[in-house]
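final_34.cif (mmCIF, C-alpha atoms) appears below.
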```cif
data_input
loop_
_atom_site.label_atom_id
_atom_site.label_comp_id
_atom_site.auth_asym_id
_atom_site.auth_seq_id
_atom_site.Cartn_x
_atom_site.Cartn_y
_atom_site.Cartn_z
CA GLU A 1 -59.99 -11.42 -26.35
CA VAL A 2 -56.91 -11.81 -28.52
CA GLN A 3 -57.14 -14.86 -30.77
CA LEU A 4 -54.90 -16.21 -33.50
CA GLN A 5 -56.66 -18.81 -35.60
CA GLN A 6 -54.44 -20.82 -37.90
CA SER A 7 -55.38 -22.86 -40.96
CA GLY A 8 -55.52 -26.63 -41.04
CA PRO A 9 -52.84 -29.30 -41.47
CA GLU A 10 -50.92 -29.40 -44.73
CA VAL A 11 -49.27 -32.15 -46.68
CA GLY A 12 -46.72 -31.13 -49.29
CA ARG A 13 -44.63 -33.10 -51.74
CA PRO A 14 -40.86 -32.70 -51.67
CA GLY A 15 -39.89 -29.67 -53.74
CA SER A 16 -43.31 -28.04 -53.53
CA SER A 17 -44.57 -25.11 -51.46
CA VAL A 18 -47.26 -24.66 -48.81
CA LYS A 19 -48.89 -21.53 -47.45
CA ILE A 20 -50.29 -21.30 -43.92
CA SER A 21 -52.54 -18.57 -42.59
CA CYS A 22 -53.02 -16.97 -39.18
CA LYS A 23 -56.14 -14.85 -38.70
CA ALA A 24 -55.95 -12.35 -35.86
CA SER A 25 -58.86 -10.98 -33.87
CA GLY A 26 -59.46 -9.09 -30.65
CA TYR A 27 -56.85 -6.38 -31.26
CA THR A 28 -55.69 -3.91 -33.90
CA PHE A 29 -53.77 -6.09 -36.34
CA THR A 30 -51.42 -3.33 -37.47
CA ASP A 31 -50.33 -2.42 -33.94
CA TYR A 32 -48.19 -5.54 -33.42
CA VAL A 33 -45.73 -7.58 -35.42
CA MET A 34 -46.53 -11.21 -36.13
CA ASN A 35 -43.88 -13.84 -35.55
CA TRP A 36 -43.59 -17.39 -36.81
CA VAL A 37 -42.04 -20.22 -34.82
CA LYS A 38 -41.14 -23.76 -35.92
CA GLN A 39 -41.32 -26.84 -33.73
CA SER A 40 -39.94 -30.02 -35.27
CA PRO A 41 -41.41 -33.31 -33.97
CA GLY A 42 -40.42 -33.82 -30.36
CA GLN A 43 -38.09 -30.83 -30.49
CA GLY A 44 -37.87 -27.29 -29.17
CA LEU A 45 -38.79 -23.94 -30.64
CA GLU A 46 -37.08 -22.04 -33.47
CA TRP A 47 -37.91 -18.47 -34.37
CA ILE A 48 -38.40 -18.06 -38.12
CA GLY A 49 -39.06 -14.34 -38.45
CA TRP A 50 -41.58 -11.54 -38.07
CA ILE A 51 -43.66 -9.25 -40.23
CA ASP A 52 -44.93 -5.79 -39.41
CA PRO A 53 -48.43 -5.83 -40.96
CA GLU A 54 -48.64 -2.05 -41.10
CA TYR A 55 -45.58 -1.58 -43.30
CA GLY A 56 -45.03 -5.06 -44.68
CA SER A 57 -41.48 -5.02 -43.38
CA THR A 58 -39.96 -8.33 -42.38
CA ASP A 59 -36.99 -9.86 -40.64
CA TYR A 60 -35.90 -13.47 -40.79
CA ALA A 61 -33.53 -15.74 -38.96
CA GLU A 62 -30.63 -16.46 -41.34
CA LYS A 63 -31.46 -20.15 -41.74
CA PHE A 64 -34.99 -19.40 -42.90
CA LYS A 65 -34.25 -16.58 -45.36
CA LYS A 66 -34.46 -18.89 -48.39
CA LYS A 67 -37.15 -21.12 -46.91
CA ALA A 68 -39.89 -18.85 -45.60
CA THR A 69 -41.75 -15.84 -46.98
CA LEU A 70 -43.93 -13.81 -44.63
CA THR A 71 -46.82 -11.69 -45.84
CA ALA A 72 -49.86 -10.02 -44.29
CA ASP A 73 -53.26 -8.84 -45.51
CA THR A 74 -54.55 -5.96 -43.44
CA SER A 75 -58.00 -6.13 -45.07
CA SER A 76 -58.58 -9.55 -43.50
CA ASN A 77 -56.25 -9.26 -40.48
CA THR A 78 -54.42 -12.35 -41.66
CA ALA A 79 -50.72 -13.19 -41.67
CA TYR A 80 -49.23 -15.85 -43.91
CA ILE A 81 -46.10 -17.93 -44.11
CA GLN A 82 -45.11 -19.67 -47.31
CA LEU A 83 -42.57 -22.48 -47.12
CA SER A 84 -40.83 -23.31 -50.37
CA SER A 85 -38.72 -26.17 -51.78
CA LEU A 86 -40.04 -28.50 -49.12
CA THR A 87 -37.82 -31.25 -47.73
CA SER A 88 -38.32 -33.74 -44.92
CA GLU A 89 -36.65 -31.24 -42.57
CA ASP A 90 -39.62 -28.93 -43.02
CA THR A 91 -41.97 -31.47 -41.42
CA ALA A 92 -42.95 -29.64 -38.26
CA THR A 93 -45.62 -27.63 -36.48
CA TYR A 94 -45.63 -23.95 -37.31
CA PHE A 95 -47.00 -21.39 -34.86
CA CYS A 96 -47.83 -17.77 -35.36
CA ALA A 97 -47.26 -15.65 -32.28
CA ARG A 98 -47.97 -11.98 -31.67
CA GLY A 99 -44.88 -9.97 -30.89
CA ASN A 100 -45.16 -7.48 -28.08
CA ASN A 101 -42.07 -5.69 -26.84
CA TYR A 102 -39.67 -8.54 -27.56
CA ARG A 103 -41.93 -11.29 -26.25
CA PHE A 104 -44.51 -13.60 -27.80
CA ASP A 105 -47.66 -12.90 -25.83
CA TYR A 106 -50.33 -14.79 -27.79
CA TRP A 107 -49.90 -17.89 -29.91
CA GLY A 108 -51.94 -19.64 -32.56
CA GLN A 109 -52.86 -23.27 -32.13
CA GLY A 110 -50.19 -24.40 -34.59
CA VAL A 111 -50.31 -26.04 -38.01
CA MET A 112 -48.74 -29.41 -38.72
CA VAL A 113 -46.93 -29.51 -42.06
CA THR A 114 -45.98 -32.95 -43.31
CA VAL A 115 -43.64 -33.36 -46.27
CA SER A 116 -44.28 -36.64 -47.99
CA SER A 117 -44.27 -38.03 -51.49
CA ASP B 1 -26.59 -16.58 -32.18
CA VAL B 2 -27.33 -16.50 -28.45
CA VAL B 3 -27.43 -20.05 -27.12
CA MET B 4 -29.91 -20.66 -24.31
CA THR B 5 -29.15 -23.62 -22.05
CA GLN B 6 -31.81 -24.93 -19.71
CA THR B 7 -31.29 -27.30 -16.82
CA PRO B 8 -32.49 -29.78 -15.90
CA VAL B 9 -33.91 -31.37 -19.03
CA SER B 10 -36.61 -33.03 -16.94
CA LEU B 11 -37.92 -32.63 -13.45
CA SER B 12 -40.20 -34.74 -11.27
CA VAL B 13 -42.27 -33.05 -8.62
CA SER B 14 -44.96 -33.94 -6.13
CA LEU B 15 -48.17 -31.96 -6.17
CA GLY B 16 -47.81 -29.05 -3.79
CA GLY B 17 -44.04 -29.05 -4.10
CA GLN B 18 -41.65 -26.39 -5.38
CA VAL B 19 -39.25 -26.52 -8.33
CA SER B 20 -36.66 -24.30 -9.96
CA ILE B 21 -35.58 -24.27 -13.60
CA SER B 22 -32.33 -22.66 -14.68
CA CYS B 23 -31.70 -20.87 -17.96
CA ARG B 24 -28.27 -19.59 -18.99
CA SER B 25 -27.46 -17.55 -22.06
CA SER B 26 -24.16 -17.54 -23.97
CA GLN B 27 -24.17 -13.73 -23.99
CA SER B 28 -25.58 -11.05 -21.73
CA LEU B 29 -29.28 -10.44 -22.36
CA VAL B 30 -29.09 -6.78 -21.34
CA HIS B 31 -30.34 -4.80 -24.33
CA ASN B 32 -28.80 -1.49 -25.40
CA ASN B 33 -31.86 0.20 -23.89
CA GLY B 34 -31.12 -1.30 -20.47
CA ASN B 35 -33.94 -3.85 -20.48
CA THR B 36 -33.41 -7.60 -20.27
CA TYR B 37 -35.71 -9.47 -22.62
CA LEU B 38 -35.86 -12.91 -21.06
CA SER B 39 -39.22 -14.68 -21.12
CA TRP B 40 -40.57 -18.00 -19.88
CA TYR B 41 -43.19 -20.08 -21.70
CA LEU B 42 -45.11 -23.23 -20.81
CA GLN B 43 -46.22 -25.70 -23.45
CA LYS B 44 -48.83 -28.04 -22.03
CA PRO B 45 -49.27 -31.40 -23.77
CA GLY B 46 -50.87 -30.99 -27.18
CA GLN B 47 -51.09 -27.19 -26.86
CA SER B 48 -49.23 -24.18 -28.12
CA PRO B 49 -46.78 -22.39 -25.82
CA GLN B 50 -48.16 -19.74 -23.49
CA LEU B 51 -46.33 -16.76 -22.04
CA LEU B 52 -45.75 -16.91 -18.28
CA ILE B 53 -43.04 -14.37 -17.48
CA TYR B 54 -41.50 -11.53 -19.49
CA LYS B 55 -38.54 -9.20 -18.89
CA VAL B 56 -37.11 -11.65 -16.34
CA SER B 57 -39.66 -11.25 -13.57
CA ASN B 58 -42.95 -9.80 -14.84
CA ARG B 59 -45.92 -12.14 -14.75
CA PHE B 60 -48.12 -12.06 -17.84
CA SER B 61 -51.82 -11.32 -17.49
CA GLY B 62 -53.67 -14.04 -15.58
CA ILE B 63 -50.55 -15.92 -14.48
CA SER B 64 -50.57 -17.14 -10.89
CA ASP B 65 -48.16 -15.64 -8.36
CA ARG B 66 -46.95 -19.21 -7.78
CA PHE B 67 -44.71 -18.51 -10.79
CA SER B 68 -41.76 -16.22 -10.25
CA GLY B 69 -38.77 -15.29 -12.37
CA SER B 70 -35.43 -13.90 -11.35
CA GLY B 71 -31.90 -13.39 -12.59
CA SER B 72 -29.74 -11.01 -14.53
CA GLY B 73 -27.13 -10.87 -17.26
CA THR B 74 -26.74 -14.48 -18.37
CA ASP B 75 -28.25 -16.44 -15.50
CA PHE B 76 -31.99 -16.79 -14.92
CA THR B 77 -34.36 -18.91 -12.85
CA LEU B 78 -38.04 -19.79 -12.94
CA LYS B 79 -39.54 -20.96 -9.66
CA ILE B 80 -42.89 -22.68 -9.35
CA SER B 81 -44.35 -23.10 -5.89
CA ARG B 82 -47.27 -25.25 -4.75
CA VAL B 83 -47.21 -27.20 -8.02
CA GLU B 84 -50.62 -28.07 -9.42
CA PRO B 85 -51.58 -30.65 -12.08
CA ASP B 86 -52.18 -27.88 -14.63
CA ASP B 87 -48.50 -26.81 -14.32
CA LEU B 88 -47.22 -29.95 -16.03
CA GLY B 89 -45.64 -29.66 -19.44
CA VAL B 90 -42.48 -28.31 -21.04
CA TYR B 91 -41.05 -24.98 -19.93
CA TYR B 92 -38.96 -22.88 -22.31
CA CYS B 93 -36.93 -19.77 -21.72
CA GLY B 94 -36.57 -17.40 -24.66
CA GLN B 95 -34.56 -14.27 -25.36
CA GLY B 96 -35.66 -11.24 -27.35
CA THR B 97 -32.57 -9.12 -26.83
CA GLN B 98 -30.54 -10.12 -29.87
CA TYR B 99 -31.53 -11.40 -33.31
CA PRO B 100 -32.20 -14.13 -34.07
CA TRP B 101 -34.46 -14.64 -31.11
CA THR B 102 -33.72 -18.00 -29.53
CA PHE B 103 -35.17 -20.46 -27.05
CA GLY B 104 -33.77 -22.93 -24.58
CA GLY B 105 -34.15 -26.63 -25.23
CA GLY B 106 -36.95 -27.01 -22.72
CA THR B 107 -37.49 -28.55 -19.28
CA LYS B 108 -40.18 -31.18 -18.93
CA LEU B 109 -42.05 -31.04 -15.63
CA GLU B 110 -43.63 -34.33 -14.64
CA LEU B 111 -45.38 -35.74 -11.61
CA LYS B 112 -43.35 -37.85 -9.22
#
```
Whole structure, structure tokens version:
Amino acid sequence: EVQLQQSGPEVGRPGSSVKISCKASGYTFTDYVMNWVKQSPGQGLEWIGWIDPEYGSTDYAEKFKKKATLTADTSSNTAYIQLSSLTSEDTATYFCARGNNYRFDYWGQGVMVTVSS
Amino acid sequence: DVVMTQTPVSLSVSLGGQVSISCRSSQSLVHNNGNTYLSWYLQKPGQSPQLLIYKVSNRFSGISDRFSGSGSGTDFTLKISRVEPDDLGVYYCGQGTQYPWTFGGGTKLELK
């Protein structure tokens, strides 16, 4: 069974950074890209970018290129997203989602990031 | 960016009824390889989104045949028949044809 288990809620001060993890199980981690999706409170879904765990290659939506950094550790089957220079606009739930042929077929449970001083 | 527009924003339905949700894209979703990468997702209250339909009309593993997708080019529809309580939530269409991948604003399905 494919599972994506994300880390717990985060609180970050304005200007700081947070790093969220997504541990994959039930499939070969390097066979699929991992995507990240943002959902602001009460809002819709925004694609942030993806990482290919096998090669470490990444692609980002333009608006997140200076905000998010995607990495992956194949030894632990874990993908990460680091969000930097936090502002109130970064307060949101962040999902990891496996990419499979241009669709997101399995999703993590989501991590709530709150930016507060 | 490809803008995805869903209508209606909200929908009330009786159990056992049928509903349709429309999704229109600002550009054709036909990929250079001939495929159309339009998917539908359901986000139940307090949960993460789940994949229902991919490539316009293909049901994902374990998805009931009460869900059906259709459409082409820029105009797509999700139909849900014999609505059950577990179908309630917010439905999103999403495109994977052109970067950045984008989603519609969502359609909230509620009980009448």
Of the residues B:Lys44, B:Arg24, B:His31, B:Arg66, which is the one nearest to Gly89 of chain B, using only C-alpha atoms?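 Closest residue, counting only C-alpha atoms: B:Lys44.
Closest to Gly108 of chain A among B:Ser68, B:Gln50, B:Gly104, B:Glu84 is B:Gln50, based on all atoms listed in the file.
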Starting from the PyMOL selection byres ((chain A) within 10 of (chain B)), expand the selection into actual residues of this file and give them as number ranges by chain. A: 43-49, 59-63, 93-97, 99, 101-110
Can you list, as a VMD selection string, every protein, DNA or RNA residue that comes within 9 Å of Ala92 of chain A when you count all atoms listed in the file, leaving out same-chain residues fewer than 2 positions away? chain A and resid 38 to 41 89 to 90 94 111 to 115
Write a file of the selected residues as a PDB file, keeping the file's coordinate frame, keeping C-alpha atoms.
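Result file is part11.pdb:
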```
ATOM      1  CA  LYS A  38     -41.140 -23.760 -35.920  1.00  0.00           C
ATOM      2  CA  GLN A  39     -41.320 -26.840 -33.730  1.00  0.00           C
ATOM      3  CA  SER A  40     -39.940 -30.020 -35.270  1.00  0.00           C
ATOM      4  CA  PRO A  41     -41.410 -33.310 -33.970  1.00  0.00           C
ATOM      5  CA  GLU A  89     -36.650 -31.240 -42.570  1.00  0.00           C
ATOM      6  CA  ASP A  90     -39.620 -28.930 -43.020  1.00  0.00           C
ATOM      7  CA  TYR A  94     -45.630 -23.950 -37.310  1.00  0.00           C
ATOM      8  CA  VAL A 111     -50.310 -26.040 -38.010  1.00  0.00           C
ATOM      9  CA  MET A 112     -48.740 -29.410 -38.720  1.00  0.00           C
ATOM     10  CA  VAL A 113     -46.930 -29.510 -42.060  1.00  0.00           C
ATOM     11  CA  THR A 114     -45.980 -32.950 -43.310  1.00  0.00           C
ATOM     12  CA  VAL A 115     -43.640 -33.360 -46.270  1.00  0.00           C
TER      13      VAL A 115
END
```
Minimum-distance residue to Gln3 of chain A, chosen among A:Gly26, A:Thr69, A:Val37, A:Ser16 (using all atoms listed in the file): A:Gly26
